[in-house]
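Novice: Starting off with a structure, shown below.
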Amino acid sequence: MNKRSKLIVCGIAVIAVLCMALPVLFHGTSNECKITSVSAADSRNHSVDTYTVEQDKKKCSVSFTDTAVIDTAFTAEVSTDEPYIIELTVRDSQLPEYREIKDENVAMNTAQTAAKYNADDSVMKRVVYPQNRQLHFLVTTQYKENVSGFIGYSSIKVIPVSKSKEYKLVTSPDKTVEFIIKADDFSKEETDKLSTWSEDLQLYRQQLYQLTGERQPYDGKTIFDFTEQIDYYGLAGNPIFMNSSNLTKDLSTDKSVCIWKYIHEMSHTFDGIEGSYIGNTWNFDSELFANLKMLYVMENNGLSFQDSSEKGADAYLKYSAGNTLKNGIYSSDGFLYLLICRLREVQPDYWNSLQAVFSNAHDSFNETESSTASERFINFFSLLHQELGVNILSAFSDAEKKAVINKYGNEITYLFD
Ligand SMILES: [Zn+2]
């Protein structure tokens, strides 16, 4: 199952003060796509009696008894790597009134739910990205109490985005960065602006790639999906989900003070999150590393958080909450603040050392084994010590040391000696 089981929820609180048309149905005759399987299961391990795919009638129904949660998984084979739109029309006449259908592609692991579909003939539409020329799409249906009946879908369409008038792709020249938007959400001028943003983000992506040892997440492509309304500013993964209303605001702002949010999300994917095909070798704190690498790109390109002469790490030191660890309390931003201060004392141009650490981290760590946050912490700081020739942790105050050890455990204590 194509589960985005480890989405990273982005805290942009960081700096809170700132700122187809060829529908194909079951086993259709077209070469564009065919639905290869539909399976159903009840998440409480009750068996779902039967499911049938009525190919000739081009519809699908899932029959069940005594169950309140049913997951229906659709798999389709497609002929290209581009995103597709899946359109499910719900047909449901044999069930109690209350029901809630969730699209798990968006609602993974978050308390939020994606759009709910409560009426017959309601259409559920999602952009889905193929993996190895396969589309996976999971729908969960929940009822208030145990029920019997069936869920029916009167039509299932799979349409390439390039053949849709409703959606639009804006792709960078080298095709490593792609935005997917709803055409109605953006004017022609905004779309043109987005196109120049894609060129910038292509460059920023290249810099993240170089900084982290030349490994690319998600087969070398970063997709920003603006077609869903989510409760967070951004959800990093493949794709990165962000809200179109925020993008509209940002497009009317000076790019040099707002594009950091997009760099931040992209930066997450270079730390090795599930499905990114990058080992999670140093990532003991996702928000810390997303910001750290973001600052590298910001510094290289004269970017800031708001109109000010400070750029990159200078701007971070000015606008973040500062050293919160001095009070004995760990926070991602407080620790990053402290790290930058200590690095600067030891080596004004510390990015070369960080680049070496990131590159070596892949070789020094067994990426196939799962690791704990404290193991990654030790890996990162041991390599950093080697590169700098100085142990920056030994300069931490007692309160700062206590805050970090409380967070990562006694096994890291020796690193402060
Ligand atoms: Zn984040």
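Labels for the structure tokens follow display order: chains A, B, ..., residues from 1 in each chain, ligands from 1.
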Apply DSSP to the backbone of this structure and, from stretch 147-218 of chain A, keep only the residues in helix (DSSP H, G or I); write these as a PyMOL selection string.
Specialist: chain A and resi 161-163+183-185+188-211+218
Novice: Go ahead and save the residues from that selection, with C-alpha atoms, as a PDB file, in the first residue's frame.
Specialist:
```
ATOM      1  CA  VAL A 161      -3.382  15.783 -15.525  1.00  0.00           C
ATOM      2  CA  SER A 162      -2.006  16.961 -18.869  1.00  0.00           C
ATOM      3  CA  LYS A 163      -5.375  16.183 -20.409  1.00  0.00           C
ATOM      4  CA  ALA A 183      -6.231  26.299 -13.023  1.00  0.00           C
ATOM      5  CA  ASP A 184      -8.997  28.488 -11.582  1.00  0.00           C
ATOM      6  CA  ASP A 185      -6.980  29.333  -8.478  1.00  0.00           C
ATOM      7  CA  LYS A 188      -2.193  34.054 -16.008  1.00  0.00           C
ATOM      8  CA  GLU A 189       0.190  36.538 -14.347  1.00  0.00           C
ATOM      9  CA  GLU A 190       0.392  34.457 -11.200  1.00  0.00           C
ATOM     10  CA  THR A 191       1.053  31.332 -13.217  1.00  0.00           C
ATOM     11  CA  ASP A 192       3.886  33.105 -15.055  1.00  0.00           C
ATOM     12  CA  LYS A 193       5.329  34.177 -11.742  1.00  0.00           C
ATOM     13  CA  LEU A 194       5.075  30.621 -10.517  1.00  0.00           C
ATOM     14  CA  SER A 195       7.060  29.555 -13.516  1.00  0.00           C
ATOM     15  CA  THR A 196       9.945  31.851 -12.502  1.00  0.00           C
ATOM     16  CA  TRP A 197       9.648  30.509  -8.941  1.00  0.00           C
ATOM     17  CA  SER A 198      10.088  27.007 -10.331  1.00  0.00           C
ATOM     18  CA  GLU A 199      13.385  28.093 -11.909  1.00  0.00           C
ATOM     19  CA  ASP A 200      14.572  29.513  -8.595  1.00  0.00           C
ATOM     20  CA  LEU A 201      13.500  26.443  -6.674  1.00  0.00           C
ATOM     21  CA  GLN A 202      15.289  24.282  -9.215  1.00  0.00           C
ATOM     22  CA  LEU A 203      18.513  26.089  -8.308  1.00  0.00           C
ATOM     23  CA  TYR A 204      17.797  25.862  -4.573  1.00  0.00           C
ATOM     24  CA  ARG A 205      17.091  22.179  -4.960  1.00  0.00           C
ATOM     25  CA  GLN A 206      20.449  21.707  -6.654  1.00  0.00           C
ATOM     26  CA  GLN A 207      22.123  23.413  -3.698  1.00  0.00           C
ATOM     27  CA  LEU A 208      20.372  21.140  -1.190  1.00  0.00           C
ATOM     28  CA  TYR A 209      21.507  18.199  -3.297  1.00  0.00           C
ATOM     29  CA  GLN A 210      25.135  19.342  -3.194  1.00  0.00           C
ATOM     30  CA  LEU A 211      25.047  20.135   0.515  1.00  0.00           C
ATOM     31  CA  TYR A 218      11.860  10.741  -4.861  1.00  0.00           C
TER      32      TYR A 218
END
```
Novice: I want to know what sits within 8 Å of A:Gln134, based on only C-alpha atoms, with residues of the same chain fewer than 3 positions away left out; could you give that as a PyMOL selection string?
Specialist: chain A and resi 75-78+130-131
Novice: What does the file look like for those residues with C-alpha atoms, as a CSV table (one decimal), in the first residue's frame?
Specialist:
```
chain,number,residue,atom,x,y,z
A,75,THR,CA,-4.7,0.0,-7.9
A,76,ALA,CA,-4.3,1.1,-11.5
A,77,GLU,CA,-1.6,0.6,-14.1
A,78,VAL,CA,-0.8,3.7,-16.1
A,130,PRO,CA,2.3,7.0,-10.0
A,131,GLN,CA,5.1,4.8,-8.5
```
Novice: Write out as a ChimeraX atom specification the residues lying within 9 Å of A:Asn379, counting only C-alpha atoms and excluding same-chain residues fewer than 4 positions away.
Specialist: /A:281-282,361,364-365,374-375,383-384
Novice: So that I have them on file, write out the residues from the current selection with N, CA and C atoms, as a PDB file, in the first residue's frame.
Specialist:
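Now in part12.pdb:
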```pdb
ATOM      1  N   THR A 281      20.126   9.318   8.155  1.00  0.00           N
ATOM      2  CA  THR A 281      21.348   9.059   8.920  1.00  0.00           C
ATOM      3  C   THR A 281      21.699  10.105   9.970  1.00  0.00           C
ATOM      4  N   TRP A 282      21.311  11.326   9.767  1.00  0.00           N
ATOM      5  CA  TRP A 282      21.683  12.358  10.742  1.00  0.00           C
ATOM      6  C   TRP A 282      20.459  13.014  11.355  1.00  0.00           C
ATOM      7  N   ALA A 361      28.094  11.101   6.420  1.00  0.00           N
ATOM      8  CA  ALA A 361      27.076  10.443   7.245  1.00  0.00           C
ATOM      9  C   ALA A 361      26.503   9.227   6.529  1.00  0.00           C
ATOM     10  N   SER A 364      29.061   6.364   6.889  1.00  0.00           N
ATOM     11  CA  SER A 364      29.413   5.907   8.231  1.00  0.00           C
ATOM     12  C   SER A 364      28.266   5.216   8.942  1.00  0.00           C
ATOM     13  N   PHE A 365      27.134   5.162   8.309  1.00  0.00           N
ATOM     14  CA  PHE A 365      25.950   4.676   8.997  1.00  0.00           C
ATOM     15  C   PHE A 365      25.315   3.579   8.176  1.00  0.00           C
ATOM     16  N   SER A 374      18.803   9.203  19.223  1.00  0.00           N
ATOM     17  CA  SER A 374      20.090   9.417  19.907  1.00  0.00           C
ATOM     18  C   SER A 374      21.249   8.854  19.093  1.00  0.00           C
ATOM     19  N   GLU A 375      21.042   7.752  18.380  1.00  0.00           N
ATOM     20  CA  GLU A 375      22.107   7.221  17.507  1.00  0.00           C
ATOM     21  C   GLU A 375      22.437   8.203  16.387  1.00  0.00           C
ATOM     22  N   LEU A 383      30.810  13.083  13.662  1.00  0.00           N
ATOM     23  CA  LEU A 383      31.353  13.503  12.370  1.00  0.00           C
ATOM     24  C   LEU A 383      31.706  14.985  12.364  1.00  0.00           C
ATOM     25  N   LEU A 384      30.876  15.779  13.029  1.00  0.00           N
ATOM     26  CA  LEU A 384      31.127  17.220  13.072  1.00  0.00           C
ATOM     27  C   LEU A 384      32.410  17.514  13.854  1.00  0.00           C
TER      28      LEU A 384
END
```
Novice: With distances taken over only C-alpha atoms and all ligand atoms, which of A:Asn280, A:Ser397, A:Asn327, A:Ser267 is nearest to ligand 1?
Specialist: A:Ser267
Novice: Have a look at A:Ser164, A:Asn291, A:Gln386, A:Ser370 and name the one nearest to ligand 1; count only C-alpha atoms and all ligand atoms.
Specialist: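 Looking only at the distances to ligand 1, the closest residue turns out to be A:Asn291.
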Novice: List every residue of stretch 202-391 of chain A that DSSP, applied to the backbone, labels as strand (DSSP E or B), and write the result as a list in words.
Specialist: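 Those in stretch 202-391 of chain A that DSSP calls strand (DSSP E or B) are Thr222, Ile223, Phe224, Asp225, Gly234, Leu235, Ala236, Ile240, Phe241 and Met242 of chain A.
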